[in-house]
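Data file: work_39.txt. Format and content: compact mmCIF, C-alpha atoms.
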```txt
# COMPACT_ATOMS: atom_id res chain seq x y z
CA MET A 146 -6.32 22.62 8.66
CA MET A 147 -6.00 19.43 6.58
CA VAL A 148 -2.20 19.53 6.59
CA GLU A 149 -2.03 20.24 10.31
CA GLU A 150 -4.28 17.28 11.07
CA ILE A 151 -2.38 15.02 8.71
CA ARG A 152 1.00 15.94 10.18
CA SER A 153 -0.32 15.30 13.67
CA HIS A 154 -1.71 11.94 12.55
CA LEU A 155 1.63 10.96 11.03
CA GLU A 156 3.69 11.88 14.07
CA GLN A 157 1.31 10.82 16.80
CA ARG A 158 -0.25 7.72 15.25
CA LEU A 159 1.43 6.20 12.20
CA ILE A 160 5.06 6.54 13.23
CA PRO A 161 4.57 5.18 16.77
CA PHE A 162 2.41 2.34 15.45
CA TRP A 163 5.00 1.05 12.99
CA SER A 164 7.88 1.63 15.39
CA SER A 165 6.09 -0.60 17.90
CA LEU A 166 6.27 -3.53 15.47
CA ARG A 167 10.05 -3.63 15.45
CA ASP A 168 11.34 -7.16 16.07
CA GLU A 169 14.42 -6.86 18.26
CA GLU A 170 15.08 -10.60 18.36
CA TYR A 171 15.00 -11.66 14.71
CA GLY A 172 15.18 -8.34 12.91
CA GLY A 173 12.80 -6.47 10.67
CA PHE A 174 9.22 -5.80 11.75
CA TYR A 175 6.47 -8.19 12.74
CA GLY A 176 4.54 -9.32 9.69
CA TYR A 177 0.96 -9.70 10.90
CA MET A 178 -1.57 -8.07 13.21
CA ASP A 179 -5.16 -9.27 13.09
CA TYR A 180 -8.30 -7.16 13.30
CA ASN A 181 -8.33 -7.50 17.08
CA LEU A 182 -4.84 -5.94 17.25
CA ARG A 183 -3.11 -9.18 18.16
CA VAL A 184 0.43 -9.38 16.77
CA ASP A 185 1.58 -12.74 15.44
CA ARG A 186 5.28 -12.70 16.28
CA GLU A 187 5.83 -15.89 14.27
CA ALA A 188 4.09 -14.77 11.09
CA LYS A 189 6.00 -14.70 7.83
CA LYS A 190 7.62 -11.40 6.95
CA GLY A 191 6.91 -10.19 3.44
CA ALA A 192 9.80 -8.51 1.69
CA ILE A 193 7.40 -5.98 0.15
CA LEU A 194 6.24 -5.01 3.64
CA ASN A 195 9.81 -4.64 4.87
CA SER A 196 10.86 -2.62 1.80
CA ARG A 197 7.91 -0.29 2.23
CA ILE A 198 8.72 0.16 5.92
CA LEU A 199 12.31 0.94 4.88
CA TRP A 200 11.00 3.56 2.46
CA PHE A 201 8.60 5.00 5.05
CA PHE A 202 11.09 5.54 7.85
CA SER A 203 13.80 6.76 5.46
CA SER A 204 11.46 9.29 3.89
CA ALA A 205 9.95 10.38 7.20
CA ALA A 206 13.39 10.83 8.76
CA GLU A 207 14.46 13.07 5.88
CA ALA A 208 11.21 15.04 5.61
CA LEU A 209 10.79 15.61 9.34
CA GLY A 210 14.46 15.92 10.25
CA ARG A 211 14.16 13.18 12.87
CA GLU A 212 17.34 11.25 13.53
CA ASP A 213 15.47 8.67 15.63
CA LEU A 214 13.59 7.55 12.53
CA SER A 215 16.82 6.95 10.66
CA GLY A 216 17.50 4.27 13.24
CA GLU A 217 14.21 2.58 12.38
CA ALA A 218 15.16 2.77 8.70
CA GLU A 219 18.56 1.23 9.44
CA HIS A 220 16.83 -1.64 11.24
CA ALA A 221 14.73 -2.32 8.11
CA PHE A 222 17.78 -1.98 5.86
CA LEU A 223 19.81 -4.51 7.82
CA PHE A 224 16.95 -7.02 7.67
CA LEU A 225 16.57 -6.58 3.92
CA LYS A 226 20.32 -6.94 3.38
CA GLU A 227 20.88 -9.87 5.74
CA ARG A 228 17.64 -11.85 5.38
CA CYS A 229 15.66 -10.90 2.28
CA LEU A 230 18.47 -10.96 -0.29
CA ASP A 231 19.27 -14.28 -1.91
CA ARG A 232 23.05 -14.50 -1.68
CA GLU A 233 23.17 -17.62 -3.87
CA PHE A 234 21.02 -16.73 -6.89
CA GLY A 235 20.48 -13.01 -6.49
CA GLY A 236 17.39 -10.91 -6.01
CA VAL A 237 14.95 -10.54 -3.13
CA PHE A 238 12.78 -13.35 -1.78
CA TRP A 239 9.02 -12.89 -1.70
CA SER A 240 8.96 -13.65 2.02
CA VAL A 241 10.96 -15.06 4.88
CA ASN A 242 9.91 -16.81 8.07
CA TYR A 243 9.67 -14.90 11.33
CA ASP A 244 13.29 -15.82 12.12
CA GLY A 245 14.56 -14.58 8.77
CA THR A 246 15.03 -17.95 7.06
CA PRO A 247 13.70 -18.15 3.46
CA SER A 248 10.01 -18.94 3.08
CA ASP A 249 8.61 -18.15 -0.36
CA THR A 250 11.63 -17.93 -2.66
CA THR A 251 9.69 -16.57 -5.64
CA LYS A 252 11.50 -13.72 -7.38
CA HIS A 253 8.91 -11.20 -8.53
CA THR A 254 9.71 -8.07 -10.49
CA TYR A 255 7.28 -6.07 -8.35
CA ASN A 256 9.12 -7.19 -5.22
CA GLN A 257 12.55 -6.24 -6.60
CA ALA A 258 11.14 -2.83 -7.52
CA PHE A 259 10.01 -2.09 -3.99
CA ALA A 260 13.39 -3.12 -2.62
CA ILE A 261 14.97 -0.58 -5.00
CA TYR A 262 12.43 2.01 -3.86
CA GLY A 263 13.23 1.52 -0.20
CA LEU A 264 16.99 1.29 -0.71
CA SER A 265 17.01 4.45 -2.81
CA ALA A 266 15.16 6.41 -0.14
CA TYR A 267 17.51 5.04 2.50
CA TYR A 268 20.54 6.05 0.43
CA GLY A 269 19.05 9.50 -0.12
CA MET A 270 18.66 9.90 3.63
CA ARG A 271 21.79 8.13 4.96
CA LYS A 272 24.15 8.20 1.93
CA ASP A 273 25.09 4.61 2.74
CA PRO A 274 27.04 3.37 -0.30
CA GLU A 275 26.11 -0.25 0.42
CA ALA A 276 22.43 0.56 0.06
CA LEU A 277 23.06 2.16 -3.32
CA GLU A 278 25.20 -0.77 -4.43
CA ILE A 279 22.39 -3.23 -3.63
CA ALA A 280 19.82 -1.03 -5.35
CA MET A 281 21.91 -0.86 -8.52
CA GLN A 282 22.46 -4.63 -8.41
CA LEU A 283 18.69 -5.15 -8.28
CA PHE A 284 18.19 -2.65 -11.09
CA ARG A 285 20.59 -4.57 -13.32
CA LEU A 286 19.02 -7.87 -12.29
CA ILE A 287 15.57 -6.69 -13.40
CA GLU A 288 16.97 -5.40 -16.66
CA THR A 289 18.91 -8.55 -17.49
CA ARG A 290 16.75 -11.37 -16.08
CA MET A 291 13.18 -10.18 -15.57
CA ARG A 292 12.15 -8.62 -18.87
CA ASP A 293 12.12 -9.19 -22.61
CA ARG A 294 12.60 -6.82 -25.53
CA ASP A 295 9.05 -5.45 -25.12
CA GLY A 296 9.07 -4.73 -21.40
CA TYR A 297 8.78 -6.26 -17.96
CA LEU A 298 7.73 -9.77 -17.07
CA GLU A 299 6.48 -10.80 -13.66
CA ALA A 300 7.17 -13.97 -11.68
CA PHE A 301 10.13 -16.33 -11.53
CA ASP A 302 11.33 -19.12 -9.30
CA ARG A 303 14.42 -18.82 -7.16
CA GLU A 304 16.71 -19.47 -10.13
CA PHE A 305 14.79 -17.08 -12.41
CA ARG A 306 12.81 -19.60 -14.39
CA PRO A 307 9.39 -18.14 -15.33
CA VAL A 308 6.39 -19.24 -13.23
CA ASP A 309 2.70 -18.33 -13.24
CA ASN A 310 1.98 -14.84 -12.02
CA GLU A 311 -0.70 -15.64 -9.45
CA LYS A 312 0.73 -13.12 -6.97
CA LEU A 313 -0.07 -10.08 -9.14
CA SER A 314 -3.10 -11.48 -10.97
CA GLU A 315 -6.69 -11.12 -9.79
CA ASN A 316 -10.27 -11.11 -11.06
CA GLY A 317 -10.00 -14.59 -12.56
CA VAL A 318 -7.13 -13.97 -14.96
CA THR A 319 -3.43 -14.83 -14.93
CA ALA A 320 -1.43 -12.06 -16.54
CA VAL A 321 1.96 -12.20 -18.25
CA ARG A 322 2.33 -8.45 -17.78
CA THR A 323 0.53 -6.11 -15.39
CA MET A 324 0.01 -2.38 -15.15
CA ASN A 325 0.73 -2.63 -11.43
CA THR A 326 4.24 -4.01 -11.86
CA ILE A 327 5.12 -1.55 -14.62
CA LEU A 328 3.81 1.36 -12.54
CA HIS A 329 5.94 0.45 -9.54
CA VAL A 330 9.06 -0.36 -11.53
CA MET A 331 8.68 3.19 -12.85
CA GLU A 332 8.22 4.51 -9.32
CA ALA A 333 11.28 2.65 -8.05
CA TYR A 334 13.47 3.75 -10.95
CA THR A 335 12.31 7.33 -10.44
CA GLU A 336 13.51 7.25 -6.84
CA LEU A 337 16.76 5.59 -7.93
CA TYR A 338 17.33 8.24 -10.58
CA ARG A 339 16.52 11.02 -8.12
CA VAL A 340 19.41 9.98 -5.87
CA THR A 341 21.90 8.92 -8.57
CA ARG A 342 21.20 10.78 -11.83
CA ASP A 343 22.35 7.59 -13.55
CA GLN A 344 21.78 7.82 -17.31
CA GLU A 345 21.02 4.13 -17.73
CA VAL A 346 18.21 4.46 -15.19
CA ALA A 347 16.91 7.53 -17.04
CA ASP A 348 16.90 5.59 -20.32
CA ARG A 349 14.77 2.88 -18.78
CA LEU A 350 12.36 5.47 -17.41
CA TYR A 351 11.83 6.90 -20.88
CA GLU A 352 11.17 3.38 -22.13
CA ILE A 353 8.60 2.81 -19.39
CA LEU A 354 6.84 6.08 -20.19
CA ASN A 355 6.63 4.88 -23.78
CA ILE A 356 5.12 1.54 -22.66
CA VAL A 357 2.52 3.40 -20.62
CA ARG A 358 1.64 5.67 -23.52
CA GLU A 359 1.44 2.90 -26.13
CA HIS A 360 0.04 -0.03 -24.15
CA ILE A 361 -1.24 0.88 -20.68
CA PHE A 362 -3.06 4.21 -21.04
CA ASN A 363 -6.37 3.87 -22.87
CA SER A 364 -7.36 7.37 -23.95
CA GLU A 365 -10.71 6.23 -25.35
CA LYS A 366 -11.81 4.60 -22.09
CA ARG A 367 -9.97 7.17 -19.96
CA ARG A 368 -8.23 4.55 -17.86
CA GLN A 369 -5.26 2.26 -17.64
CA GLU A 370 -5.64 -1.31 -18.78
CA VAL A 371 -4.68 -3.66 -15.96
CA PHE A 372 -3.83 -7.23 -17.01
CA PHE A 373 -2.15 -8.25 -20.28
CA ASP A 374 -0.84 -11.17 -22.25
CA ARG A 375 2.73 -11.03 -23.54
CA ASP A 376 1.66 -8.88 -26.50
CA TYR A 377 -0.07 -6.29 -24.29
CA GLN A 378 -3.53 -7.45 -25.22
CA SER A 379 -5.85 -6.57 -22.35
CA LEU A 380 -7.33 -9.65 -20.66
CA ILE A 381 -10.29 -8.12 -18.84
CA ASP A 382 -12.69 -5.18 -18.83
CA LEU A 383 -11.46 -3.68 -15.56
CA THR A 384 -11.02 -0.11 -14.35
CA SER A 385 -8.85 0.21 -11.26
CA TYR A 386 -9.71 3.68 -9.99
CA GLY A 387 -7.16 3.46 -7.18
CA HIS A 388 -4.31 2.69 -9.56
CA ASP A 389 -5.50 5.30 -12.05
CA ILE A 390 -5.44 8.15 -9.54
CA GLU A 391 -2.13 6.88 -8.16
CA ALA A 392 -0.63 6.67 -11.64
CA ALA A 393 -1.82 10.20 -12.43
CA TRP A 394 0.58 11.77 -9.95
CA LEU A 395 3.35 9.18 -10.23
CA LEU A 396 3.59 9.67 -13.99
CA THR A 397 4.00 13.41 -13.63
CA ARG A 398 6.50 12.92 -10.81
CA THR A 399 8.66 10.72 -13.04
CA ALA A 400 8.71 13.38 -15.76
CA GLU A 401 9.47 16.10 -13.23
CA VAL A 402 12.39 14.13 -11.75
CA LEU A 403 13.69 13.60 -15.29
CA GLU A 404 13.41 17.39 -15.75
CA ASP A 405 12.13 16.86 -19.30
CA ASP A 406 9.65 19.49 -20.49
CA ALA A 407 8.23 17.30 -23.26
CA ALA A 408 7.70 14.38 -20.88
CA ILE A 409 6.14 16.70 -18.32
CA LEU A 410 3.64 17.98 -20.88
CA GLU A 411 2.80 14.48 -22.08
CA THR A 412 2.36 12.96 -18.61
CA ARG A 413 0.26 15.89 -17.46
CA LYS A 414 -2.13 15.29 -20.33
CA MET A 415 -2.51 11.63 -19.38
CA ALA A 416 -2.82 12.55 -15.71
CA ALA A 417 -5.54 15.09 -16.43
CA VAL A 418 -7.60 12.46 -18.25
CA LEU A 419 -7.19 9.87 -15.50
CA THR A 420 -7.92 12.33 -12.70
CA GLU A 421 -11.07 13.68 -14.30
CA ALA A 422 -12.31 10.16 -15.05
CA VAL A 423 -11.82 9.07 -11.43
CA TYR A 424 -13.47 12.23 -10.15
CA GLU A 425 -16.51 11.76 -12.39
CA ALA A 426 -16.93 7.98 -12.11
CA ALA A 427 -15.55 6.92 -8.73
CA TYR A 428 -15.74 9.89 -6.35
CA ASP A 429 -19.07 10.14 -4.52
CA GLY A 430 -18.47 13.42 -2.71
CA ARG A 431 -16.81 11.74 0.28
CA SER A 432 -14.67 8.82 -0.86
CA VAL A 433 -13.53 6.84 -3.91
CA VAL A 434 -14.66 3.46 -5.23
CA SER A 435 -11.77 1.05 -5.80
CA GLU A 436 -12.64 -0.53 -9.16
CA MET A 437 -15.23 -1.44 -11.76
CA GLU A 438 -15.35 -4.75 -13.65
CA ALA A 439 -17.53 -5.20 -16.72
CA GLY A 440 -19.52 -2.11 -15.78
CA VAL A 441 -20.12 -3.16 -12.16
CA LYS A 442 -18.50 -1.12 -9.41
CA LYS A 443 -17.06 -2.66 -6.27
CA GLU A 444 -18.81 -0.47 -3.74
CA GLY A 445 -16.76 -1.10 -0.60
CA ARG A 446 -14.04 1.34 0.31
CA ILE A 447 -10.35 0.34 0.48
CA TRP A 448 -7.80 2.13 2.67
CA TRP A 449 -5.05 2.68 0.12
CA VAL A 450 -7.40 3.97 -2.58
CA GLN A 451 -8.47 6.85 -0.32
CA ALA A 452 -4.86 7.77 0.49
CA GLU A 453 -3.79 7.77 -3.16
CA SER A 454 -6.88 9.75 -4.13
CA ILE A 455 -5.76 12.57 -1.88
CA ASN A 456 -2.32 12.49 -3.50
CA GLY A 457 -3.77 12.48 -7.00
CA PHE A 458 -6.38 15.17 -6.48
CA VAL A 459 -3.97 17.51 -4.70
CA ASP A 460 -1.37 17.01 -7.42
CA ALA A 461 -3.98 17.86 -10.06
CA TYR A 462 -5.10 20.96 -8.15
CA GLN A 463 -1.54 22.23 -7.78
CA LYS A 464 -0.97 21.85 -11.51
CA MET A 465 -4.39 23.31 -12.37
CA PRO A 466 -5.31 25.77 -9.57
CA GLU A 467 -8.49 26.69 -11.39
CA GLU A 468 -9.77 23.15 -10.67
CA GLU A 469 -10.73 23.82 -7.06
CA ARG A 470 -13.06 20.82 -7.17
CA TYR A 471 -9.98 18.59 -6.84
CA LEU A 472 -8.80 20.29 -3.67
CA ASP A 473 -12.34 20.09 -2.29
CA ALA A 474 -12.36 16.36 -3.10
CA ALA A 475 -9.04 15.80 -1.34
CA GLU A 476 -10.27 17.60 1.76
CA SER A 477 -13.51 15.64 1.86
CA ILE A 478 -11.66 12.34 1.47
CA TRP A 479 -9.40 13.27 4.36
CA VAL A 480 -12.46 13.91 6.51
CA TYR A 481 -13.83 10.52 5.45
CA ILE A 482 -10.52 8.85 6.36
CA ARG A 483 -10.31 10.70 9.66
CA ASP A 484 -13.85 9.82 10.66
CA ASN A 485 -14.04 6.27 9.31
CA PHE A 486 -10.73 4.63 8.35
CA ILE A 487 -8.51 5.66 11.24
CA ASP A 488 -8.76 3.04 13.97
CA ARG A 489 -9.33 4.88 17.24
CA ARG A 490 -8.66 1.82 19.37
CA GLU A 491 -5.53 1.93 21.50
CA GLY A 492 -2.74 0.47 19.37
CA GLY A 493 -4.68 0.69 16.10
CA GLU A 494 -3.77 2.19 12.73
CA TRP A 495 -6.15 2.19 9.69
CA PHE A 496 -8.80 -0.36 8.89
CA TRP A 497 -8.25 -2.30 5.66
CA SER A 498 -11.73 -1.72 4.22
CA LEU A 499 -15.21 -0.42 4.99
CA THR A 500 -18.65 -1.51 3.90
CA THR A 501 -20.81 0.88 1.90
CA ASP A 502 -22.26 1.96 5.25
CA GLY A 503 -18.82 2.90 6.57
CA ILE A 504 -18.54 -0.09 8.91
CA PRO A 505 -15.02 -1.57 9.25
CA GLU A 506 -14.61 -5.03 7.74
CA LYS A 507 -12.59 -7.43 9.84
CA GLY A 508 -9.46 -7.60 7.75
CA PRO A 509 -5.94 -7.58 9.23
CA ILE A 510 -4.36 -4.33 10.37
CA VAL A 511 -0.90 -5.52 9.27
CA GLU A 512 -0.03 -8.17 6.70
CA PRO A 513 2.31 -8.44 3.70
CA TRP A 514 0.33 -5.84 1.72
CA LYS A 515 -0.94 -3.66 4.60
CA CYS A 516 1.82 -1.23 5.34
CA PRO A 517 2.70 2.46 5.91
CA TYR A 518 3.44 3.04 2.23
CA HIS A 519 0.16 4.51 0.96
CA ASN A 520 -1.12 6.30 4.05
CA GLY A 521 2.36 7.29 5.25
CA ARG A 522 3.23 8.59 1.81
CA MET A 523 0.02 10.60 1.66
CA CYS A 524 0.95 12.27 4.93
CA LEU A 525 4.47 13.06 3.74
CA GLU A 526 3.23 14.34 0.39
CA MET A 527 0.74 16.69 2.02
CA ILE A 528 3.40 18.01 4.40
CA LYS A 529 5.84 18.62 1.54
CA ARG A 530 3.18 20.18 -0.69
CA ASN A 531 1.87 22.32 2.19
CA VAL A 532 -1.67 22.53 0.88
CA THR A 533 -3.86 24.74 3.04
```
Mind converting the file's structure to structure tokens?
Amino acid sequence: MMVEEIRSHLEQRLIPFWSSLRDEEYGGFYGYMDYNLRVDREAKKGAILNSRILWFFSSAAEALGREDLSGEAEHAFLFLKERCLDREFGGVFWSVNYDGTPSDTTKHTYNQAFAIYGLSAYYGMRKDPEALEIAMQLFRLIETRMRDRDGYLEAFDREFRPVDNEKLSENGVTAVRTMNTILHVMEAYTELYRVTRDQEVADRLYEILNIVREHIFNSEKRRQEVFFDRDYQSLIDLTSYGHDIEAAWLLTRTAEVLEDDAAILETRKMAAVLTEAVYEAAYDGRSVVSEMEAGVKKEGRIWWVQAESINGFVDAYQKMPEEERYLDAAESIWVYIRDNFIDRREGGEWFWSLTTDGIPEKGPIVEPWKCPYHNGRMCLEMIKRNVT
């Protein structure tokens, strides 16, 4: 029942919603819709949003066998190639104006990673050699200009001079390295390796898994550390339950794509710890808390945390079928999403967040971070995994 409902939601709600935001005049997709479902056609267009839309339509076209969605993916690809890439200094801009001219020319490692992620999915679906060429260029750019000997750095100006990392720092700290960037570089490289089997990409994935094991994963506290200085010293007592449950299944996916039995065993051990910790500390029987700082939980509910919790709990159940509690949790979270997060208004999608009473908070429906990546991916994962 859950998979049938999720597939219907994907095809009848999510896909039409994001297709409706296609900008035929300036390219790409409109970058902002407010809580009242008003589209700002002159809002800035975030490159992360466009890359995630590229990934979504590419992946949906391949998974569902729908040629019409490959056209939506091509539209996103052309905008990334023609408007988001910096032809002078290299890399992907943080954002462009509604007409495709550069806006925020920051070069962020996280942003480059999502461009690779989208381009890799597009290449996997369309086999367009230009998409793969751009993805490999961005891979080499990250490896040569956006890291040091110990791992990945974060924010740079247009000419790749380091700048403060305010875009990926929160909770009152400014981080030199973040779990979030490392996690999504891993995710992007995994997709790139899946479609290329390039050994250099595989080597970097093994290095990232080592960084996670040695610096990110805290076995004693059963969590990932979030924000770091250059030496990987944690800057804050913060547990990000959403990222922990997301990392649980992404780590195992990386090892599985690498087809390495030792890495699979190691990542599954980490994933089991993270999943159990989230289940025990953040899952209330219906939904999942987003984070806890210094022992205090943030009690509101965030859209993407619920979507990734379904992915993580289902992944854990499929690897440990005796743990039926995880499948039960995934099913209950879907019911919570269906009954509370999905916006039933004509032309709506998902609400950004809910109060502890389940009342929608008046955040935007679309903006540079609000995209079809988490909820669309959850739908595609459940369809592929065919959990009943």
Using all atoms listed in the file, the residue out of A:Gly216, A:Gly296, A:Gly440, A:Gly492 with shortest distance to Thr384 (chain A) is A:Gly440
Residues near Leu199 (chain A), anyone? I mean within 7 Å using only C-alpha atoms, not counting same-chain ones fewer than 2 positions away, as a list in words.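 The filter keeps Asn195, Ser196, Arg197, Phe201, Phe202, Ser203, Ala218, Ala221, Phe222 and Gly263 of chain A.
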Who sits within 8 Å of region 319-330 of chain A, only C-alpha atoms, same chain under 4 positions skipped, as a list of chain:residue names: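 Contacts, with the query itself left out: A:Thr254, A:Tyr255, A:Ala258, A:Phe259, A:Tyr297, A:Leu298, A:Glu299, A:Asp309, A:Asn310, A:Glu311, A:Leu313, A:Ser314, A:Glu315, A:Tyr334, A:Ile353, A:Ile361, A:Gln369, A:Glu370, A:Val371, A:Phe372, A:Phe373, A:Asp374, A:Arg375, A:Tyr377, A:Leu380, A:His388, A:Ala392.
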When you count all atoms listed in the file, which of these residues is closest to Met270 (chain A): A:Asp231, A:Glu425, A:Glu212, A:Asp302? A:Glu212
Distance of CA of Ala474 (chain A) from CA of Asp429 (chain A), expressed in Å to one decimal place: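 Between these atoms lies a distance of 9.3 Å.
CA of Val441 (chain A) to CA of Asp389 (chain A) spans 16.9 Å [interatomic distance, one decimal].
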From the list A:Leu286, A:Ala461, A:Val433, A:Ala188, which residue is nearest Ser477 (chain A) when using only C-alpha atoms?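 Under the stated criterion, the closest residue is A:Val433.
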Nearest residue to Val423 (chain A) from the set A:Gly445, A:Pro517, A:Gly235, A:Gly457 (distances using only C-alpha atoms):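 Checking each candidate against Val423 (chain A), we get A:Gly457 as the closest.
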In Å to one decimal, how far is CA of Leu525 (chain A) from CA of Ala208 (chain A)? 7.3 Å
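Ranking A:Lys529, A:Arg211, A:Arg483, A:Lys507 by their shortest atom-to-atom distance to Arg158 (chain A), with only C-alpha atoms included, puts A:Arg483 first.
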